[in-house]
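Take a look at the structure below.
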Amino acid sequence: MQFQEQIHDLNAQIRADHEFHFQYTAELLSRKGIDIQGIIEKIKVFQVAIPSWALGTGGTRFGRYPGGGEPRSLEEKIEDVGLLHALNRSSDSISLHIPWDIPGDTVALKSLLRSHGLSIDSVNSNTFQDQPGQAHSYKFGSLSHTDAAIRRQAIEHNIACIEHGKALDARVLTVWLADGSNFPGQQHFRRAWQRTADALADIYQALPDDWTMLIEYKPYEPHFYSMVIPDWGTSYSLCQYLGEKAQVLVDLGHHLPNTNIEQIVARLMLFGRLGGFHFNGSMYGDDDLTTGSIKPYQFFLIFNELVDAIDDPSVKNPPLAWMIDASHNTKDPLEDLLQSVQNILCTYARALIVDRVLLEAAQQQNDVVTAEELLRDAFAVDTRALVAEATRQSGGAIDPIGVFRALKIREQRIAKRGKTGVATGL
Ligand SMILES: [Mn+2]
C-alpha cells in the first residue's frame with residue numbers, strides 16, 4: 001500500500017474524535033469572531049526547515065546513545081525529511097551542514113528532493129572544529145583569528161559552502177562563529193570584531209545577489225569568558241557593516257536565562273534585520289530540547305511579536321527563514337522533530353488568535369490587565385485540533401507520531417540501515 005493511502009486509512013480510524021475536537025474549537029473561536037479557515041490556511045503554508053544534524057542522535061560530551069536506523073548519507077537524510085513532510089506537510093526543506101553534507105551527484109539529489117517535495121533551505125558552514133587534513137587549526141578562532149592565513153582558510157570554507165549551496169539552489173548561508181576567549185586578556189575585543197567584520201565582508205563579496213547571509217549569535221559556549229558574536233547587537237552591527245543581504249539570526253537557545261527574546265525579535269523586525277529563526281527549547285542555555293517543551297508561554301510571547309510584525313504592513317522585514325535547530329539525546333530524533341513542528345504550529349495558531357485591535361486599544365489606554373488578559377486568552381486556547389485539521393486538509397496525518405509508530409517506521413529504518421549506523425554532521 002502506498003504511504004499516502006496508509007496515512008489516509010489511519011486518519012479514518014481517528015476521524016470521528018478529531019471532528020469532535022475540531023468542531024468544538026471552531027465553535028469556540030467563531031463566537032469570538034475569528035475566521036477559522038483563514039487561520040487554517042495560514043497554518044498550511046507555514047513551513048519549518050529541518051537541519052540534517054537533527055536527524056540522528058546528538059548526545060553530549062559525556063556520551064551518545066544512538067537508537068539505530070540513523071541516516072548514513074545525504075540521500076537518506078533527504079528520505080527522512082521527506083517522511084516528516086509527508087506526515088505533517090510542514091517540513092518542506094532541509095538545511096545542510098558542510099563538510100558532512102557536500103553534495104555528490106547534484107542532478108540525482110535535485111531529482112530526489114523533488115520527488116519528496118523538498119528544497120534546500122540553507123547551507124551552514126562549520127569552523128568550530130578541525131577537519132582531517134586541514135592546513136590550519138581553529139583552536140584559537142577562525143574568522144576572528146589573529147593569523148591572516150587562518151582567517152583566509154575560514155573565508156574559503158564559507159565561500160565553498162556557497163558554491164555547494166548554489167549547486168542545489170539554496171539561497172541562504174548561515175554563519176555561526178564559535179570564536180571567543182576563555183580568559184581575560186586572551187583576546188583584544190575591538191580588533192577581534194574588526195577582523196571578523198572584514199573576513200565576513202570577503203565572504204559577503206562572494207554571496208550571489210539573491211542570497212542572504214544569516215549571522216547567528218550566542219552568549220557563551222564553546223568559550224566562557226567572551227564570544228566574538230555574543231548578542232543580537234553584535235550580529236546587528238556586523239550586518240550593518242556588511243550590507244542589505246546580511247541579516248540577524250535568532251536562535252531560541254542562544255540567550256542567557258530570562259532574556260526577553262520577544263523584545264529582541266520585535267526590535268530586529270522594526271529595523272528590518274531579522275532574517276531567520278532557529279527553534280528549540282531550553283532550560284539553561286543551548287539545551288536543544290523539543291521546541292515549546294520547557295517554557296511554552298515565553299514561546300507564545302515570542303511568536304506573538306513575530307506575527308504582530310509580519311501582519312503589520314509598515315514593518316519592512318524580509319520573509320523569515322524558519323528552522324528547527326535541535327539535538328536529540330533521549331527521544332527518537334524523528335519523533336522529536338514531529339513534536340517540535342506540532343508545537344511550533346500550535347503556538348503560531350495561538351499567536352494568530354490574539355485580538356490585535358483590542359490589544360492595541362488596551363495598550364493605548366494603559367489598561368494593563370486587559371492587555372495581559374488578551375494574551376492569556378489566546379494562550380489558553382487548545383489549538384491542536386486546528387493544526388491537525390490543517391495537516392489533514394493538506395494530505396498529512398491527523399496524528400503524525402501515531403502514524404510513525406503504527407507503521408513501525410523506526411523498525412523499518414533499523415532493518416534497512418542497521419542498528420549501529422550513526423548519522424554524520426553532528
Ligand atoms: Mn542555531
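We name chains A, B, ... following the order of the C-alpha cells; residues begin at 1 in each chain, and ligands are numbered from 1 as shown.
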
Closest pair table for chain A residues within 6 Å of ligand 1, only C-alpha atoms and all ligand atoms, as JSON lines:
```
{"residue": "A:Asp251", "atom": "CA", "partner": "ligand 1", "partner_atom_place_in_ligand_line": "1 (Mn)", "distance": 4.9}
{"residue": "A:His278", "atom": "CA", "partner": "ligand 1", "partner_atom_place_in_ligand_line": "1 (Mn)", "distance": 5.3}
{"residue": "A:Asp325", "atom": "CA", "partner": "ligand 1", "partner_atom_place_in_ligand_line": "1 (Mn)", "distance": 5.2}
```

Keeping N, CA and C atoms, export the residues of the selection given above as a compact mmCIF listing (two decimals), in the first residue's frame.
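out_0.txt, freshly written:
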```txt
# COMPACT_ATOMS: atom_id res chain seq x y z
N ASP A 251 18.43 32.41 17.55
CA ASP A 251 18.25 31.01 17.97
C ASP A 251 17.72 31.05 19.40
N HIS A 278 15.78 30.15 14.66
CA HIS A 278 16.04 28.75 14.98
C HIS A 278 15.21 28.33 16.20
N ASP A 325 16.52 23.95 15.19
CA ASP A 325 17.94 23.67 15.44
C ASP A 325 18.01 22.94 16.78
```

With a cut-off of 10 Å, could you pull out the residues of region 99-125 of chain A touching region 164-184 of chain A and give me the nearest pair of atoms for each, distance in Å to one decimal, using only C-alpha atoms, ordered by chain and ascending number, as CSV?
```
residue,atom,partner,partner_atom,distance
A:Pro99,CA,A:His164,CA,9.7
A:Asp101,CA,A:His164,CA,9.1
A:Ile102,CA,A:His164,CA,6.6
A:Pro103,CA,A:His164,CA,6.8
A:Gly104,CA,A:His164,CA,9.5
A:Asp105,CA,A:Ala167,CA,9.8
A:Thr106,CA,A:Leu168,CA,6.6
A:Val107,CA,A:Leu168,CA,8.6
A:Leu109,CA,A:Leu168,CA,7.9
A:Lys110,CA,A:Leu168,CA,6.6
A:Leu113,CA,A:Leu168,CA,9.5
A:Ser119,CA,A:Ala170,CA,7.7
A:Ile120,CA,A:Ala170,CA,5.2
A:Asp121,CA,A:Ala170,CA,5.8
A:Ser122,CA,A:Val172,CA,4.5
A:Val123,CA,A:Leu173,CA,5.1
A:Asn124,CA,A:Thr174,CA,4.8
A:Ser125,CA,A:Val175,CA,6.0
```

### Message
Would you pick out the contacts of Ile264 (chain A) at 8 Å or less, using only C-alpha atoms, so that residues sharing its chain but fewer than 4 positions from it are not included, and give the list as a PyMOL selection string?
### Response
chain A and resi 232+260+268

### Task
Write out as a list of chain:residue names each polymer residue whose atoms come within 6 Å of region 69-82 of chain A, counting only C-alpha atoms; drop sequence neighbours fewer than 4 positions from it.
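Neighbouring residues, sequence-local ones excluded: A:Gly56, A:Asp101, A:His116, A:Arg413, A:Ile414, A:Arg417, A:Gly418, A:Lys419, A:Gly421, A:Val422, A:Ala423.
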
### Task
Select from region 78-324 of chain A everything DSSP, run on the backbone, classes as helix (DSSP H, G or I), then give the selection as a ChimeraX atom specification.
/A:78-88,106-115,148-167,189-205,232-242,261-270,296-310
